[in-house]
Amino acid sequence: MSDIIQLLPDSVANQIAAGEVIQRPASVVKELVENAIDAGANQIKINLKDAGRTLIQVTDNGKGMSPSDARLAFERHATSKIKAAADLFSIRTMGFRGEALASIAAVADVELRTKQEGDELGTRLHIVGSEVKSQEPDNCPQGSNFSIKNLFFNVPARRKFLKANSTELKHIITEIQRVALANPELSFSLIHNDSVIYDLPSENQRKRIVNIFGKNINQSLVPVQTDTTIIRVSGYIGQPRFARKTMGEQFFFVNGRFMRHPYFHKAVMQAYEKILPPETIPAYFLYFEVEPGTIDINIHPTKTEVKFEDERSAWHIIHACIREALGKFNVMPSIEFDQAGAIDIPVAPQPGAVVPEPEIQVNPAYNPFEEEKKTPVNPFQQSPNWTKDPNLKSWDKLYQGFERSNDFPETDEEIFSDETDEVIQQPSQQNLHDEAENGMRNHNFLQVKNKYIISPVKSGLMVIDQRRAHERVLFEHFMAVLEKNLGTSQRQLFPPRLELHAADAEVLDSILDELKTLGFEIRKADEQAFFVEGVPSMLSHLDARELVEKLLEDVKNRPVDVKEEIKTNLAQSLARASAINYGSVLKYEEIGELFDSLFACKTPNYSPTGKKIITIISLEEFEKLLK
């Protein structure tokens, strides 16, 4: 039998490796920018076309490469960062695997122009699909200039499944944010389709955070600083009142490298325990300095997972220093002692002062053996007529107006009478509409904990989640508006200005046309600022700025690309952003209107995201609880 095992060609092996290292245009940007940092550059420029599909150009002023190094850099496992396995425990550079350039060259058209300091001429290298097309001398400035064209041209499946340009650009912006925050002393510029997104000069940490995430974040930053033999922690955390419902402003850096660490994230969240608004996440920008030998960064090709030698001790240090920062800057709530019922401690008398004896007032007419007295007598009360209080006269008038009304049932028989239609445990569409008519006719509603609406039915109690019900009503309205292009706008007298960071600005810019169909009028002031000049008329009672911010938060949190099902996703996001919150007190008429609108929907049983709105608690379940 002939041998069947064979070595793969280098081009095929590089394409396989590229599947792990180069997942999307953002991966290319990350690898090239990190190489520029390792090359000692202090100015890095990124130029993009079509979110990296057509062109990714990264230019730096680093030390450059010689002709032979330029050619060797595109070979697999060729690196200048390490020379032996022991070097893995003392890594200070961003890269060390030697896989990135080979992987990029395997799936793109790559052109490199590079020159070392002191050389008269540089080198121009052209590689397509791992195949070297040309290498020749070139007159170029010091540093390196990488041009990546037609990414995934020879892997059509990977190119086909790239997301919309707005989504891919958002991922690129996220990678630039991570690198720029880790290296505030370097200057970065990001240009997309000839439009400047970032132009970040060399600056300190706080200014870099403000320049990336906007001026509004400056007032929320609280400095963190601690130094121990295990780990040195510095950076900034956000105040609880500025916490947001989605991730996006949470960053850990270790020795200048961005990392993800769920265990340390838990330390941060526990430090904020009981002072955060519900379901929110605080911003944090934490920089760790540790000995390279105490961490392992050689875990994943993206190098964002880091293993610490003593994670437990580091966890406690992070938790303690955040608690200290919150308390030091009066972010933690102050302790207020309740003075009601407290003992009044007098001030100590001066030496020689005469202290009067305490006087006890008694009622000499009090006889505890007189049982015939109908009213109790206080022995410490002066007057025996103390019970003749005029405020206690006509006490029965306090209960006037509380007589039972015939409009409301009182007994179990009346509540669960046969007048209501029967609703089964899993109500059908027809039964729900019948029950809606019955509920509106009998006006039997009760709001519980400002979260649920309860209405009695023959088989038990119908429980409705008020927020999900409102989401369903709004969703179907917005879908109808989008389908018929009938959105009407309510103009704002004083249009609020939205200052967004680059990633959020790109998301909002990508959905402006659809928002206009719904009735929004949003004007772009500059690259990262917008004026909300109008909102849908049915949402005019809401704060325009808060509405758009909530909408953005929900759109960013979508698991699928917004462009794939733009109308459905946008209607869902807007319904979630504008629905009544839990804890909202509803008037009886508002409950009735919501009840009626819900059962007029096509699908009243479930919210737009598939969560149950209505459930029935049967009488049998009540009986089991009382046994």
# chains A, B, ... in the order shown; residues from 1 in each chain; ligands from 1
call {"tool": "residues_around", "arguments": {"residues": "segment 55-71 of chain A", "least_positions_apart": "6", "cutoff": "9 Å", "atoms": "only C-alpha atoms", "output": "VMD selection string"}}
result
chain A and resid 25 28 to 29 32 to 33 36 to 49 112 to 117 119 122 to 125 132 135 to 137 141 to 151
call {"tool": "select_by_dssp", "arguments": {"residues": "segment 98-276 of chain A", "states": "helix (DSSP H, G or I)", "output": "ChimeraX atom specification"}}
result
/A:100-106,156-160,165-182,205-213,215-220,240-242,262-271
call {"tool": "residues_around", "arguments": {"residues": "Ile591 of chain A", "least_positions_apart": "2", "cutoff": "9 Å", "atoms": "only C-alpha atoms", "output": "PDB file with N, CA, C and O atoms, in the first residue's frame"}}
result
ATOM      1  N   PHE A 445     -57.998  45.206  36.605  1.00  0.00           N
ATOM      2  CA  PHE A 445     -56.549  45.271  36.430  1.00  0.00           C
ATOM      3  C   PHE A 445     -55.897  45.608  37.754  1.00  0.00           C
ATOM      4  O   PHE A 445     -56.459  46.308  38.592  1.00  0.00           O
ATOM      5  N   LEU A 446     -54.674  45.116  37.923  1.00  0.00           N
ATOM      6  CA  LEU A 446     -53.885  45.444  39.101  1.00  0.00           C
ATOM      7  C   LEU A 446     -52.409  45.471  38.692  1.00  0.00           C
ATOM      8  O   LEU A 446     -51.923  44.535  38.064  1.00  0.00           O
ATOM      9  N   GLN A 447     -51.702  46.556  39.047  1.00  0.00           N
ATOM     10  CA  GLN A 447     -50.275  46.653  38.761  1.00  0.00           C
ATOM     11  C   GLN A 447     -49.498  46.211  39.991  1.00  0.00           C
ATOM     12  O   GLN A 447     -49.712  46.740  41.092  1.00  0.00           O
ATOM     13  N   ILE A 453     -48.798  43.440  35.223  1.00  0.00           N
ATOM     14  CA  ILE A 453     -50.222  43.759  35.204  1.00  0.00           C
ATOM     15  C   ILE A 453     -50.987  42.449  35.379  1.00  0.00           C
ATOM     16  O   ILE A 453     -50.733  41.481  34.655  1.00  0.00           O
ATOM     17  N   GLN A 466     -45.303  44.281  31.760  1.00  0.00           N
ATOM     18  CA  GLN A 466     -45.689  45.554  31.162  1.00  0.00           C
ATOM     19  C   GLN A 466     -44.652  46.082  30.178  1.00  0.00           C
ATOM     20  O   GLN A 466     -44.995  46.647  29.133  1.00  0.00           O
ATOM     21  N   LEU A 586     -48.195  53.187  36.341  1.00  0.00           N
ATOM     22  CA  LEU A 586     -49.152  53.437  35.265  1.00  0.00           C
ATOM     23  C   LEU A 586     -50.517  53.767  35.843  1.00  0.00           C
ATOM     24  O   LEU A 586     -50.968  53.143  36.810  1.00  0.00           O
ATOM     25  N   LYS A 587     -51.157  54.754  35.251  1.00  0.00           N
ATOM     26  CA  LYS A 587     -52.533  55.061  35.630  1.00  0.00           C
ATOM     27  C   LYS A 587     -53.452  53.956  35.123  1.00  0.00           C
ATOM     28  O   LYS A 587     -53.097  53.196  34.225  1.00  0.00           O
ATOM     29  N   TYR A 588     -54.647  53.916  35.723  1.00  0.00           N
ATOM     30  CA  TYR A 588     -55.578  52.854  35.345  1.00  0.00           C
ATOM     31  C   TYR A 588     -55.938  52.939  33.859  1.00  0.00           C
ATOM     32  O   TYR A 588     -56.049  51.930  33.171  1.00  0.00           O
ATOM     33  N   GLU A 589     -56.089  54.169  33.353  1.00  0.00           N
ATOM     34  CA  GLU A 589     -56.409  54.328  31.935  1.00  0.00           C
ATOM     35  C   GLU A 589     -55.244  53.880  31.057  1.00  0.00           C
ATOM     36  O   GLU A 589     -55.439  53.321  29.976  1.00  0.00           O
ATOM     37  N   GLU A 593     -55.251  51.036  28.166  1.00  0.00           N
ATOM     38  CA  GLU A 593     -54.822  51.305  26.789  1.00  0.00           C
ATOM     39  C   GLU A 593     -53.734  50.337  26.345  1.00  0.00           C
ATOM     40  O   GLU A 593     -53.741  49.849  25.213  1.00  0.00           O
ATOM     41  N   LEU A 594     -52.774  50.049  27.253  1.00  0.00           N
ATOM     42  CA  LEU A 594     -51.718  49.087  26.928  1.00  0.00           C
ATOM     43  C   LEU A 594     -52.307  47.699  26.716  1.00  0.00           C
ATOM     44  O   LEU A 594     -51.922  46.977  25.783  1.00  0.00           O
ATOM     45  N   PHE A 595     -53.249  47.327  27.572  1.00  0.00           N
ATOM     46  CA  PHE A 595     -53.908  46.025  27.459  1.00  0.00           C
ATOM     47  C   PHE A 595     -54.616  45.898  26.111  1.00  0.00           C
ATOM     48  O   PHE A 595     -54.491  44.893  25.410  1.00  0.00           O
ATOM     49  N   ASP A 596     -55.343  46.924  25.748  1.00  0.00           N
ATOM     50  CA  ASP A 596     -56.088  46.913  24.486  1.00  0.00           C
ATOM     51  C   ASP A 596     -55.148  46.882  23.292  1.00  0.00           C
ATOM     52  O   ASP A 596     -55.360  46.148  22.319  1.00  0.00           O
TER      53      ASP A 596
END
call {"tool": "residues_around", "arguments": {"residues": "segment 512-524 of chain A", "least_positions_apart": "2", "cutoff": "7 Å", "atoms": "only C-alpha atoms", "output": "PDB file with all heavy atoms, in the first residue's frame"}}
result
ATOM      1  N   PHE A 478     -43.616  50.369  14.664  1.00  0.00           N
ATOM      2  CA  PHE A 478     -42.449  50.796  13.894  1.00  0.00           C
ATOM      3  C   PHE A 478     -42.288  49.975  12.617  1.00  0.00           C
ATOM      4  O   PHE A 478     -41.871  50.505  11.579  1.00  0.00           O
ATOM      5  CB  PHE A 478     -41.193  50.693  14.752  1.00  0.00           C
ATOM      6  CG  PHE A 478     -41.146  51.682  15.889  1.00  0.00           C
ATOM      7  CD1 PHE A 478     -40.722  51.294  17.152  1.00  0.00           C
ATOM      8  CD2 PHE A 478     -41.527  52.992  15.688  1.00  0.00           C
ATOM      9  CE1 PHE A 478     -40.687  52.193  18.191  1.00  0.00           C
ATOM     10  CE2 PHE A 478     -41.501  53.911  16.731  1.00  0.00           C
ATOM     11  CZ  PHE A 478     -41.086  53.515  17.985  1.00  0.00           C
ATOM     12  N   VAL A 481     -44.601  51.421  10.127  1.00  0.00           N
ATOM     13  CA  VAL A 481     -44.094  52.702   9.622  1.00  0.00           C
ATOM     14  C   VAL A 481     -42.977  52.482   8.606  1.00  0.00           C
ATOM     15  O   VAL A 481     -42.929  53.132   7.553  1.00  0.00           O
ATOM     16  CB  VAL A 481     -43.602  53.576  10.798  1.00  0.00           C
ATOM     17  CG1 VAL A 481     -42.839  54.789  10.290  1.00  0.00           C
ATOM     18  CG2 VAL A 481     -44.776  54.020  11.651  1.00  0.00           C
ATOM     19  N   LEU A 482     -42.070  51.548   8.902  1.00  0.00           N
ATOM     20  CA  LEU A 482     -40.963  51.281   7.989  1.00  0.00           C
ATOM     21  C   LEU A 482     -41.447  50.698   6.667  1.00  0.00           C
ATOM     22  O   LEU A 482     -40.894  50.999   5.604  1.00  0.00           O
ATOM     23  CB  LEU A 482     -39.962  50.320   8.650  1.00  0.00           C
ATOM     24  CG  LEU A 482     -39.068  50.933   9.739  1.00  0.00           C
ATOM     25  CD1 LEU A 482     -38.329  49.837  10.488  1.00  0.00           C
ATOM     26  CD2 LEU A 482     -38.083  51.914   9.126  1.00  0.00           C
ATOM     27  N   ASN A 485     -43.338  53.695   4.995  1.00  0.00           N
ATOM     28  CA  ASN A 485     -42.647  54.992   4.941  1.00  0.00           C
ATOM     29  C   ASN A 485     -43.572  56.137   5.366  1.00  0.00           C
ATOM     30  O   ASN A 485     -43.674  57.173   4.709  1.00  0.00           O
ATOM     31  CB  ASN A 485     -42.101  55.269   3.539  1.00  0.00           C
ATOM     32  CG  ASN A 485     -41.027  54.279   3.144  1.00  0.00           C
ATOM     33  OD1 ASN A 485     -40.309  53.761   3.994  1.00  0.00           O
ATOM     34  ND2 ASN A 485     -40.926  54.002   1.860  1.00  0.00           N
ATOM     35  N   GLY A 487     -43.510  57.587   8.553  1.00  0.00           N
ATOM     36  CA  GLY A 487     -43.043  58.185   9.798  1.00  0.00           C
ATOM     37  C   GLY A 487     -43.227  59.691   9.824  1.00  0.00           C
ATOM     38  O   GLY A 487     -42.913  60.386   8.862  1.00  0.00           O
ATOM     39  N   THR A 488     -43.774  60.206  10.916  1.00  0.00           N
ATOM     40  CA  THR A 488     -43.941  61.649  11.110  1.00  0.00           C
ATOM     41  C   THR A 488     -43.019  62.102  12.228  1.00  0.00           C
ATOM     42  O   THR A 488     -42.807  61.378  13.209  1.00  0.00           O
ATOM     43  CB  THR A 488     -45.390  62.000  11.459  1.00  0.00           C
ATOM     44  OG1 THR A 488     -45.790  61.269  12.630  1.00  0.00           O
ATOM     45  CG2 THR A 488     -46.316  61.655  10.301  1.00  0.00           C
ATOM     46  N   SER A 489     -42.479  63.283  12.088  1.00  0.00           N
ATOM     47  CA  SER A 489     -41.465  63.779  13.017  1.00  0.00           C
ATOM     48  C   SER A 489     -41.989  64.936  13.841  1.00  0.00           C
ATOM     49  O   SER A 489     -42.783  65.746  13.359  1.00  0.00           O
ATOM     50  CB  SER A 489     -40.222  64.214  12.237  1.00  0.00           C
ATOM     51  OG  SER A 489     -39.236  64.726  13.109  1.00  0.00           O
ATOM     52  N   LEU A 508     -24.118  55.041  14.116  1.00  0.00           N
ATOM     53  CA  LEU A 508     -25.245  55.952  13.902  1.00  0.00           C
ATOM     54  C   LEU A 508     -25.301  56.419  12.450  1.00  0.00           C
ATOM     55  O   LEU A 508     -26.383  56.494  11.851  1.00  0.00           O
ATOM     56  CB  LEU A 508     -25.133  57.149  14.843  1.00  0.00           C
ATOM     57  CG  LEU A 508     -26.271  58.182  14.777  1.00  0.00           C
ATOM     58  CD1 LEU A 508     -27.616  57.518  15.029  1.00  0.00           C
ATOM     59  CD2 LEU A 508     -26.038  59.310  15.774  1.00  0.00           C
ATOM     60  N   ASP A 509     -24.152  56.706  11.880  1.00  0.00           N
ATOM     61  CA  ASP A 509     -24.115  57.166  10.493  1.00  0.00           C
ATOM     62  C   ASP A 509     -24.645  56.111   9.535  1.00  0.00           C
ATOM     63  O   ASP A 509     -25.266  56.421   8.517  1.00  0.00           O
ATOM     64  CB  ASP A 509     -22.681  57.560  10.129  1.00  0.00           C
ATOM     65  CG  ASP A 509     -22.615  58.361   8.832  1.00  0.00           C
ATOM     66  OD1 ASP A 509     -23.558  59.119   8.561  1.00  0.00           O
ATOM     67  OD2 ASP A 509     -21.634  58.207   8.083  1.00  0.00           O
ATOM     68  N   SER A 510     -24.425  54.840   9.868  1.00  0.00           N
ATOM     69  CA  SER A 510     -24.834  53.759   8.974  1.00  0.00           C
ATOM     70  C   SER A 510     -26.350  53.531   8.964  1.00  0.00           C
ATOM     71  O   SER A 510     -26.871  52.883   8.052  1.00  0.00           O
ATOM     72  CB  SER A 510     -24.125  52.461   9.365  1.00  0.00           C
ATOM     73  OG  SER A 510     -24.569  51.995  10.628  1.00  0.00           O
ATOM     74  N   ASP A 526     -20.262  67.145  12.670  1.00  0.00           N
ATOM     75  CA  ASP A 526     -18.911  66.853  12.190  1.00  0.00           C
ATOM     76  C   ASP A 526     -18.732  65.351  12.248  1.00  0.00           C
ATOM     77  O   ASP A 526     -19.709  64.605  12.323  1.00  0.00           O
ATOM     78  CB  ASP A 526     -17.844  67.601  13.003  1.00  0.00           C
ATOM     79  CG  ASP A 526     -17.987  67.373  14.508  1.00  0.00           C
ATOM     80  OD1 ASP A 526     -18.166  66.225  14.916  1.00  0.00           O
ATOM     81  OD2 ASP A 526     -17.919  68.356  15.267  1.00  0.00           O
ATOM     82  N   ALA A 529     -20.047  64.205  15.877  1.00  0.00           N
ATOM     83  CA  ALA A 529     -21.094  64.958  16.576  1.00  0.00           C
ATOM     84  C   ALA A 529     -22.338  65.034  15.691  1.00  0.00           C
ATOM     85  O   ALA A 529     -22.240  65.157  14.469  1.00  0.00           O
ATOM     86  CB  ALA A 529     -20.607  66.349  16.934  1.00  0.00           C
ATOM     87  N   PHE A 530     -23.512  64.959  16.341  1.00  0.00           N
ATOM     88  CA  PHE A 530     -24.787  64.978  15.638  1.00  0.00           C
ATOM     89  C   PHE A 530     -25.769  65.866  16.398  1.00  0.00           C
ATOM     90  O   PHE A 530     -25.705  65.966  17.630  1.00  0.00           O
ATOM     91  CB  PHE A 530     -25.375  63.562  15.521  1.00  0.00           C
ATOM     92  CG  PHE A 530     -24.522  62.597  14.750  1.00  0.00           C
ATOM     93  CD1 PHE A 530     -23.442  61.967  15.347  1.00  0.00           C
ATOM     94  CD2 PHE A 530     -24.797  62.308  13.423  1.00  0.00           C
ATOM     95  CE1 PHE A 530     -22.657  61.074  14.640  1.00  0.00           C
ATOM     96  CE2 PHE A 530     -24.022  61.419  12.708  1.00  0.00           C
ATOM     97  CZ  PHE A 530     -22.949  60.806  13.314  1.00  0.00           C
ATOM     98  N   PHE A 531     -26.697  66.484  15.650  1.00  0.00           N
ATOM     99  CA  PHE A 531     -27.803  67.221  16.243  1.00  0.00           C
ATOM    100  C   PHE A 531     -29.083  66.419  16.017  1.00  0.00           C
ATOM    101  O   PHE A 531     -29.400  66.044  14.889  1.00  0.00           O
ATOM    102  CB  PHE A 531     -27.951  68.602  15.608  1.00  0.00           C
ATOM    103  CG  PHE A 531     -26.927  69.599  16.063  1.00  0.00           C
ATOM    104  CD1 PHE A 531     -25.899  69.997  15.225  1.00  0.00           C
ATOM    105  CD2 PHE A 531     -26.987  70.139  17.335  1.00  0.00           C
ATOM    106  CE1 PHE A 531     -24.953  70.913  15.643  1.00  0.00           C
ATOM    107  CE2 PHE A 531     -26.043  71.059  17.770  1.00  0.00           C
ATOM    108  CZ  PHE A 531     -25.020  71.439  16.921  1.00  0.00           C
ATOM    109  N   VAL A 532     -29.832  66.157  17.104  1.00  0.00           N
ATOM    110  CA  VAL A 532     -31.115  65.457  17.000  1.00  0.00           C
ATOM    111  C   VAL A 532     -32.195  66.522  16.857  1.00  0.00           C
ATOM    112  O   VAL A 532     -32.677  67.089  17.837  1.00  0.00           O
ATOM    113  CB  VAL A 532     -31.367  64.569  18.234  1.00  0.00           C
ATOM    114  CG1 VAL A 532     -32.653  63.770  18.052  1.00  0.00           C
ATOM    115  CG2 VAL A 532     -30.196  63.627  18.482  1.00  0.00           C
ATOM    116  N   GLU A 533     -32.575  66.811  15.626  1.00  0.00           N
ATOM    117  CA  GLU A 533     -33.500  67.899  15.343  1.00  0.00           C
ATOM    118  C   GLU A 533     -34.962  67.453  15.374  1.00  0.00           C
ATOM    119  O   GLU A 533     -35.863  68.294  15.427  1.00  0.00           O
ATOM    120  CB  GLU A 533     -33.174  68.520  13.986  1.00  0.00           C
ATOM    121  CG  GLU A 533     -31.778  69.146  13.952  1.00  0.00           C
ATOM    122  CD  GLU A 533     -31.461  69.783  12.619  1.00  0.00           C
ATOM    123  OE1 GLU A 533     -32.116  69.396  11.620  1.00  0.00           O
ATOM    124  OE2 GLU A 533     -30.586  70.656  12.572  1.00  0.00           O
ATOM    125  N   GLY A 534     -35.229  66.153  15.318  1.00  0.00           N
ATOM    126  CA  GLY A 534     -36.598  65.675  15.367  1.00  0.00           C
ATOM    127  C   GLY A 534     -36.655  64.215  15.756  1.00  0.00           C
ATOM    128  O   GLY A 534     -35.713  63.453  15.505  1.00  0.00           O
ATOM    129  N   VAL A 535     -37.748  63.812  16.414  1.00  0.00           N
ATOM    130  CA  VAL A 535     -37.957  62.422  16.815  1.00  0.00           C
ATOM    131  C   VAL A 535     -39.350  62.013  16.348  1.00  0.00           C
ATOM    132  O   VAL A 535     -40.187  62.860  16.037  1.00  0.00           O
ATOM    133  CB  VAL A 535     -37.825  62.246  18.348  1.00  0.00           C
ATOM    134  CG1 VAL A 535     -36.428  62.559  18.821  1.00  0.00           C
ATOM    135  CG2 VAL A 535     -38.853  63.098  19.084  1.00  0.00           C
ATOM    136  N   PRO A 536     -39.625  60.690  16.265  1.00  0.00           N
ATOM    137  CA  PRO A 536     -40.976  60.263  15.892  1.00  0.00           C
ATOM    138  C   PRO A 536     -42.029  60.887  16.804  1.00  0.00           C
ATOM    139  O   PRO A 536     -41.831  61.000  18.015  1.00  0.00           O
ATOM    140  CB  PRO A 536     -40.914  58.741  16.049  1.00  0.00           C
ATOM    141  CG  PRO A 536     -39.480  58.400  15.842  1.00  0.00           C
ATOM    142  CD  PRO A 536     -38.713  59.543  16.418  1.00  0.00           C
TER     143      PRO A 536
END
call {"tool": "select_by_dssp", "arguments": {"residues": "segment 100-348 of chain A", "states": "strand (DSSP E or B)", "output": "number ranges by chain"}}
result
A: 109-115, 122-128, 131-138, 143-149, 187-192, 195-200, 221-227, 232-238, 244, 250-254, 257-260, 281, 284-289, 295-296, 305, 307-308
call {"tool": "closest_atom_pairs", "arguments": {"of": "segment 164-258 of chain A", "to": "segment 277-290 of chain A", "cutoff": "12 Å", "atoms": "only C-alpha atoms", "output": "JSON lines"}}
result
{"residue": "A:Gln177", "atom": "CA", "partner": "A:Phe285", "partner_atom": "CA", "distance": 11.5}
{"residue": "A:Arg178", "atom": "CA", "partner": "A:Phe285", "partner_atom": "CA", "distance": 10.2}
{"residue": "A:Leu181", "atom": "CA", "partner": "A:Phe285", "partner_atom": "CA", "distance": 8.4}
{"residue": "A:Ala182", "atom": "CA", "partner": "A:Tyr287", "partner_atom": "CA", "distance": 8.1}
{"residue": "A:Asn183", "atom": "CA", "partner": "A:Tyr287", "partner_atom": "CA", "distance": 10.9}
{"residue": "A:Gln205", "atom": "CA", "partner": "A:Phe285", "partner_atom": "CA", "distance": 9.3}
{"residue": "A:Arg206", "atom": "CA", "partner": "A:Phe285", "partner_atom": "CA", "distance": 9.6}
{"residue": "A:Arg208", "atom": "CA", "partner": "A:Phe285", "partner_atom": "CA", "distance": 11.1}
{"residue": "A:Ile209", "atom": "CA", "partner": "A:Phe285", "partner_atom": "CA", "distance": 8.4}
{"residue": "A:Val210", "atom": "CA", "partner": "A:Phe285", "partner_atom": "CA", "distance": 11.6}
{"residue": "A:Phe213", "atom": "CA", "partner": "A:Ala283", "partner_atom": "CA", "distance": 10.8}
{"residue": "A:Ile217", "atom": "CA", "partner": "A:Ala283", "partner_atom": "CA", "distance": 9.2}
{"residue": "A:Asn218", "atom": "CA", "partner": "A:Ala283", "partner_atom": "CA", "distance": 11.5}
{"residue": "A:Ser220", "atom": "CA", "partner": "A:Ala283", "partner_atom": "CA", "distance": 8.9}
{"residue": "A:Leu221", "atom": "CA", "partner": "A:Tyr284", "partner_atom": "CA", "distance": 8.5}
{"residue": "A:Val222", "atom": "CA", "partner": "A:Tyr284", "partner_atom": "CA", "distance": 9.1}
{"residue": "A:Pro223", "atom": "CA", "partner": "A:Phe285", "partner_atom": "CA", "distance": 9.5}
{"residue": "A:Val224", "atom": "CA", "partner": "A:Leu286", "partner_atom": "CA", "distance": 7.9}
{"residue": "A:Gln225", "atom": "CA", "partner": "A:Leu286", "partner_atom": "CA", "distance": 9.4}
{"residue": "A:Thr226", "atom": "CA", "partner": "A:Phe288", "partner_atom": "CA", "distance": 9.9}
{"residue": "A:Asp227", "atom": "CA", "partner": "A:Glu289", "partner_atom": "CA", "distance": 9.2}
{"residue": "A:Thr228", "atom": "CA", "partner": "A:Val290", "partner_atom": "CA", "distance": 9.7}
{"residue": "A:Thr229", "atom": "CA", "partner": "A:Val290", "partner_atom": "CA", "distance": 8.7}
{"residue": "A:Ile230", "atom": "CA", "partner": "A:Val290", "partner_atom": "CA", "distance": 6.9}
{"residue": "A:Ile231", "atom": "CA", "partner": "A:Val290", "partner_atom": "CA", "distance": 5.2}
{"residue": "A:Arg232", "atom": "CA", "partner": "A:Glu289", "partner_atom": "CA", "distance": 5.0}
{"residue": "A:Val233", "atom": "CA", "partner": "A:Phe288", "partner_atom": "CA", "distance": 4.9}
{"residue": "A:Ser234", "atom": "CA", "partner": "A:Tyr287", "partner_atom": "CA", "distance": 5.2}
{"residue": "A:Gly235", "atom": "CA", "partner": "A:Leu286", "partner_atom": "CA", "distance": 4.7}
{"residue": "A:Tyr236", "atom": "CA", "partner": "A:Phe285", "partner_atom": "CA", "distance": 5.2}
{"residue": "A:Ile237", "atom": "CA", "partner": "A:Tyr284", "partner_atom": "CA", "distance": 4.1}
{"residue": "A:Gly238", "atom": "CA", "partner": "A:Ala283", "partner_atom": "CA", "distance": 4.8}
{"residue": "A:Gln239", "atom": "CA", "partner": "A:Pro282", "partner_atom": "CA", "distance": 7.1}
{"residue": "A:Pro240", "atom": "CA", "partner": "A:Pro282", "partner_atom": "CA", "distance": 6.1}
{"residue": "A:Arg241", "atom": "CA", "partner": "A:Pro277", "partner_atom": "CA", "distance": 7.1}
{"residue": "A:Phe242", "atom": "CA", "partner": "A:Pro282", "partner_atom": "CA", "distance": 7.1}
{"residue": "A:Ala243", "atom": "CA", "partner": "A:Pro282", "partner_atom": "CA", "distance": 4.3}
{"residue": "A:Arg244", "atom": "CA", "partner": "A:Thr280", "partner_atom": "CA", "distance": 5.0}
{"residue": "A:Lys245", "atom": "CA", "partner": "A:Thr280", "partner_atom": "CA", "distance": 4.3}
{"residue": "A:Thr246", "atom": "CA", "partner": "A:Ile281", "partner_atom": "CA", "distance": 6.7}
{"residue": "A:Met247", "atom": "CA", "partner": "A:Ile281", "partner_atom": "CA", "distance": 6.8}
{"residue": "A:Gly248", "atom": "CA", "partner": "A:Ala283", "partner_atom": "CA", "distance": 8.0}
{"residue": "A:Glu249", "atom": "CA", "partner": "A:Ala283", "partner_atom": "CA", "distance": 4.9}
{"residue": "A:Gln250", "atom": "CA", "partner": "A:Tyr284", "partner_atom": "CA", "distance": 4.9}
{"residue": "A:Phe251", "atom": "CA", "partner": "A:Phe285", "partner_atom": "CA", "distance": 4.9}
{"residue": "A:Phe252", "atom": "CA", "partner": "A:Leu286", "partner_atom": "CA", "distance": 5.1}
{"residue": "A:Phe253", "atom": "CA", "partner": "A:Tyr287", "partner_atom": "CA", "distance": 4.7}
{"residue": "A:Val254", "atom": "CA", "partner": "A:Phe288", "partner_atom": "CA", "distance": 4.6}
{"residue": "A:Asn255", "atom": "CA", "partner": "A:Glu289", "partner_atom": "CA", "distance": 5.1}
{"residue": "A:Gly256", "atom": "CA", "partner": "A:Tyr287", "partner_atom": "CA", "distance": 7.5}
{"residue": "A:Arg257", "atom": "CA", "partner": "A:Tyr287", "partner_atom": "CA", "distance": 9.0}
{"residue": "A:Phe258", "atom": "CA", "partner": "A:Tyr287", "partner_atom": "CA", "distance": 9.0}
call {"tool": "closest_residue", "arguments": {"among": "A:Leu552, A:Leu162, A:Ala571, A:Met538", "to": "Ala480 of chain A", "atoms": "only C-alpha atoms"}}
result
A:Ala571
